[in-house]
Amino acid sequence: MEVFVVLLIVIILALLAYPKISELSNRSKVKSFSEEVYHDLEYARTLAFQVGSSKVVFDSNSRSYKVYSPSTSATPLKVVNYPENVTVTPSFAFVPNEVGFKRSKLPDRSGSIYISGYGVNYKIVVNAISGRIYLERQ
């Protein structure tokens with residue numbers, strides 16, 4: 001009988017903890033994806049220094065982004081699909097869904113990428129003047 005009571009208590013505690021664990025897992029997915037986008041922007045910047053140019057293109061229709069190097073290439077080096085229930089909203093000057101990098105490692109335009117999902121919001125800022133790229137939680 002005591003084993004049954006202990007088992008019942010463990011099951012009740014697990015049922016109470018499941019929603020919180022699920023929420024943490026989903027928020028972790030958004031954070032992980034935001035960090036992946038940030039690192040791919042840094043990767044594109046490094047490629048530009050090596051090859052001469054590169055670009056990252058965000059495609060809301062296919063829910064993915066692509067890394068090209070050189071920037072004139074028709075075939076992407078890397079394609080990353082957005083996770084389910086995650087929204088990506090790029091906002092760059094002149095071409096709102098694309099950022100390019102030159103051999104100087106400076107981006108060709110400033111802007112931001114907003115990533116949101118499961119109640120968590122991140123922003124990646126690209127500064128064309130300083131060349132700085134940074135990730136911040138909103």
# chains A, B, ... in the order shown; residues from 1 in each chain; ligands from 1

call {"tool": "select_by_dssp", "arguments": {"residues": "chain A", "states": "alpha helix (DSSP H)", "output": "compact mmCIF listing (two decimals) with N, CA and C atoms, in the first residue's frame"}}
result
# COMPACT_ATOMS: atom_id res chain seq x y z
N GLU A 2 1.97 1.26 0.77
CA GLU A 2 2.85 2.43 0.81
C GLU A 2 3.48 2.70 -0.55
N VAL A 3 3.82 1.65 -1.26
CA VAL A 3 4.41 1.79 -2.60
C VAL A 3 3.41 2.46 -3.53
N PHE A 4 2.16 2.09 -3.43
CA PHE A 4 1.11 2.68 -4.25
C PHE A 4 0.97 4.18 -3.96
N VAL A 5 1.00 4.56 -2.71
CA VAL A 5 0.88 5.97 -2.32
C VAL A 5 2.08 6.76 -2.84
N VAL A 6 3.27 6.22 -2.67
CA VAL A 6 4.48 6.90 -3.16
C VAL A 6 4.42 7.04 -4.68
N LEU A 7 4.01 5.99 -5.37
CA LEU A 7 3.88 6.03 -6.82
C LEU A 7 2.85 7.07 -7.25
N LEU A 8 1.75 7.15 -6.55
CA LEU A 8 0.71 8.13 -6.85
C LEU A 8 1.24 9.56 -6.66
N ILE A 9 2.00 9.79 -5.60
CA ILE A 9 2.58 11.11 -5.34
C ILE A 9 3.57 11.48 -6.45
N VAL A 10 4.39 10.54 -6.88
CA VAL A 10 5.36 10.79 -7.95
C VAL A 10 4.63 11.13 -9.25
N ILE A 11 3.57 10.41 -9.56
CA ILE A 11 2.80 10.68 -10.77
C ILE A 11 2.16 12.06 -10.72
N ILE A 12 1.61 12.43 -9.60
CA ILE A 12 0.99 13.75 -9.46
C ILE A 12 2.03 14.86 -9.62
N LEU A 13 3.19 14.69 -9.01
CA LEU A 13 4.26 15.69 -9.14
C LEU A 13 4.73 15.80 -10.58
N ALA A 14 4.83 14.67 -11.26
CA ALA A 14 5.26 14.69 -12.67
C ALA A 14 4.23 15.42 -13.53
N LEU A 15 2.95 15.19 -13.27
CA LEU A 15 1.89 15.86 -14.04
C LEU A 15 1.89 17.37 -13.79
N LEU A 16 2.22 17.77 -12.57
CA LEU A 16 2.29 19.20 -12.27
C LEU A 16 3.51 19.86 -12.90
N ALA A 17 4.60 19.12 -13.02
CA ALA A 17 5.85 19.68 -13.55
C ALA A 17 5.88 19.69 -15.08
N TYR A 18 5.11 18.84 -15.74
CA TYR A 18 5.18 18.70 -17.20
C TYR A 18 4.96 20.02 -17.95
N PRO A 19 3.93 20.81 -17.64
CA PRO A 19 3.74 22.06 -18.40
C PRO A 19 4.94 23.01 -18.29
N LYS A 20 5.53 23.10 -17.13
CA LYS A 20 6.67 23.99 -16.94
C LYS A 20 7.88 23.49 -17.72
N ILE A 21 8.10 22.18 -17.70
CA ILE A 21 9.22 21.60 -18.44
C ILE A 21 9.02 21.80 -19.94
N SER A 22 7.79 21.62 -20.41
CA SER A 22 7.48 21.81 -21.82
C SER A 22 7.71 23.27 -22.23
N GLU A 23 7.30 24.21 -21.39
CA GLU A 23 7.49 25.63 -21.67
C GLU A 23 8.98 25.97 -21.74
N LEU A 24 9.76 25.45 -20.80
CA LEU A 24 11.21 25.70 -20.81
C LEU A 24 11.85 25.13 -22.06
N SER A 25 11.41 23.96 -22.47
CA SER A 25 11.94 23.33 -23.68
C SER A 25 11.65 24.18 -24.91
N ASN A 26 10.43 24.69 -25.03
CA ASN A 26 10.07 25.51 -26.19
C ASN A 26 10.84 26.83 -26.20
N ARG A 27 10.99 27.44 -25.06
CA ARG A 27 11.76 28.69 -24.98
C ARG A 27 13.22 28.45 -25.32
N SER A 28 13.72 27.30 -24.92
CA SER A 28 15.10 26.93 -25.24
C SER A 28 15.29 26.77 -26.75
N LYS A 29 14.28 26.27 -27.45
CA LYS A 29 14.35 26.12 -28.91
C LYS A 29 14.50 27.49 -29.57
N VAL A 30 13.74 28.47 -29.08
CA VAL A 30 13.80 29.83 -29.66
C VAL A 30 15.18 30.44 -29.40
N LYS A 31 15.68 30.28 -28.19
CA LYS A 31 17.01 30.81 -27.86
C LYS A 31 18.08 30.15 -28.71
N SER A 32 18.02 28.84 -28.83
CA SER A 32 19.00 28.10 -29.62
C SER A 32 18.97 28.52 -31.08
N PHE A 33 17.77 28.69 -31.64
CA PHE A 33 17.66 29.11 -33.03
C PHE A 33 18.21 30.53 -33.21
N SER A 34 17.91 31.42 -32.27
CA SER A 34 18.42 32.79 -32.34
C SER A 34 19.95 32.80 -32.33
N GLU A 35 20.53 31.97 -31.50
CA GLU A 35 21.98 31.87 -31.44
C GLU A 35 22.55 31.29 -32.74
N GLU A 36 21.83 30.36 -33.35
CA GLU A 36 22.27 29.79 -34.62
C GLU A 36 22.27 30.85 -35.72
N VAL A 37 21.22 31.67 -35.78
CA VAL A 37 21.17 32.75 -36.77
C VAL A 37 22.33 33.72 -36.55
N TYR A 38 22.56 34.09 -35.29
CA TYR A 38 23.67 34.99 -34.95
C TYR A 38 25.01 34.41 -35.43
N HIS A 39 25.25 33.14 -35.13
CA HIS A 39 26.52 32.51 -35.51
C HIS A 39 26.65 32.38 -37.04
N ASP A 40 25.54 32.17 -37.72
CA ASP A 40 25.60 32.10 -39.18
C ASP A 40 25.88 33.46 -39.80
N LEU A 41 25.41 34.53 -39.17
CA LEU A 41 25.78 35.87 -39.63
C LEU A 41 27.28 36.11 -39.45
N GLU A 42 27.80 35.68 -38.33
CA GLU A 42 29.25 35.80 -38.09
C GLU A 42 30.03 34.94 -39.09
N TYR A 43 29.51 33.77 -39.39
CA TYR A 43 30.12 32.87 -40.38
C TYR A 43 30.15 33.54 -41.75
N ALA A 44 29.04 34.16 -42.15
CA ALA A 44 28.98 34.85 -43.43
C ALA A 44 29.99 36.00 -43.47
N ARG A 45 30.14 36.67 -42.36
CA ARG A 45 31.10 37.77 -42.31
C ARG A 45 32.53 37.25 -42.49
N THR A 46 32.83 36.11 -41.89
CA THR A 46 34.16 35.50 -42.05
C THR A 46 34.37 35.03 -43.48
N LEU A 47 33.34 34.46 -44.09
CA LEU A 47 33.44 34.03 -45.49
C LEU A 47 33.73 35.21 -46.40
N ALA A 48 33.12 36.36 -46.13
CA ALA A 48 33.36 37.55 -46.95
C ALA A 48 34.82 37.96 -46.90
N PHE A 49 35.42 37.85 -45.75
CA PHE A 49 36.83 38.19 -45.62
C PHE A 49 37.69 37.24 -46.45
N GLN A 50 37.32 35.96 -46.48
CA GLN A 50 38.10 34.95 -47.20
C GLN A 50 37.85 34.98 -48.71
N VAL A 51 36.58 35.12 -49.11
CA VAL A 51 36.19 34.97 -50.51
C VAL A 51 35.98 36.32 -51.21

call {"tool": "residues_around", "arguments": {"residues": "Gln138 (chain A)", "least_positions_apart": "2", "cutoff": "10 Å", "atoms": "only C-alpha atoms", "output": "PyMOL selection string"}}
result
chain A and resi 114-116+120-123+135-136

call {"tool": "write_last_selection", "arguments": {"atoms": "C-alpha atoms", "output": "short mmCIF file (atom, residue, chain, number, x, y, z; two decimals), in the first residue's frame"}}
result
data_model
loop_
_atom_site.label_atom_id
_atom_site.label_comp_id
_atom_site.auth_asym_id
_atom_site.auth_seq_id
_atom_site.Cartn_x
_atom_site.Cartn_y
_atom_site.Cartn_z
CA TYR A 114 13.41 39.82 -34.86
CA ILE A 115 12.90 36.22 -33.73
CA SER A 116 9.91 35.30 -31.60
CA VAL A 120 10.12 34.80 -26.02
CA ASN A 121 11.54 37.53 -28.27
CA TYR A 122 15.10 38.02 -29.49
CA LYS A 123 16.64 40.70 -31.65
CA LEU A 135 22.03 39.27 -30.02
CA GLU A 136 19.76 40.58 -27.29
#

call {"tool": "residues_around", "arguments": {"residues": "Thr87 (chain A)", "least_positions_apart": "2", "cutoff": "9 Å", "atoms": "only C-alpha atoms", "output": "JSON, numbers by chain"}}
result
{"A": [60, 63, 82, 83, 84, 85, 89, 114, 115, 116, 117]}

call {"tool": "closest_residue", "arguments": {"among": "A:Ile124, A:Val79, A:Val86, A:Ile133", "to": "Val56 (chain A)", "atoms": "only C-alpha atoms"}}
result
A:Val79

call {"tool": "atom_distance", "arguments": {"atom1": "CA of Asn61 (chain A)", "atom2": "CA of Leu106 (chain A)"}}
result
27.7 Å

call {"tool": "closest_residue", "arguments": {"among": "A:Ser69, A:Asn81, A:Ser64, A:Thr75", "to": "Gly52 (chain A)", "atoms": "only C-alpha atoms"}}
result
A:Ser69

call {"tool": "residues_around", "arguments": {"residues": "Ser112 (chain A)", "least_positions_apart": "6", "cutoff": "8 Å", "atoms": "only C-alpha atoms", "output": "number ranges by chain"}}
result
A: 90-92, 123-126

call {"tool": "write_last_selection", "arguments": {"atoms": "C-alpha atoms", "output": "mmCIF file, in the first residue's frame"}}
result
data_model
loop_
_atom_site.group_PDB
_atom_site.id
_atom_site.type_symbol
_atom_site.label_atom_id
_atom_site.label_comp_id
_atom_site.auth_asym_id
_atom_site.auth_seq_id
_atom_site.Cartn_x
_atom_site.Cartn_y
_atom_site.Cartn_z
ATOM 1 C CA PRO A 90 14.227 40.676 -40.882
ATOM 2 C CA SER A 91 14.322 44.433 -41.344
ATOM 3 C CA PHE A 92 17.261 45.834 -43.316
ATOM 4 C CA LYS A 123 16.638 40.701 -31.651
ATOM 5 C CA ILE A 124 19.829 40.456 -33.692
ATOM 6 C CA VAL A 125 21.230 43.869 -34.561
ATOM 7 C CA VAL A 126 23.590 44.360 -37.513
#

call {"tool": "atom_distance", "arguments": {"atom1": "CA of Asp59 (chain A)", "atom2": "CA of Asn97 (chain A)"}}
result
7.1 Å

call {"tool": "select_by_dssp", "arguments": {"residues": "region 39-124 of chain A", "states": "strand (DSSP E)", "output": "MDAnalysis selection string"}}
result
chainID A and resid 53:59 64:68 78:81 87:92 98:102 111:117 120:124
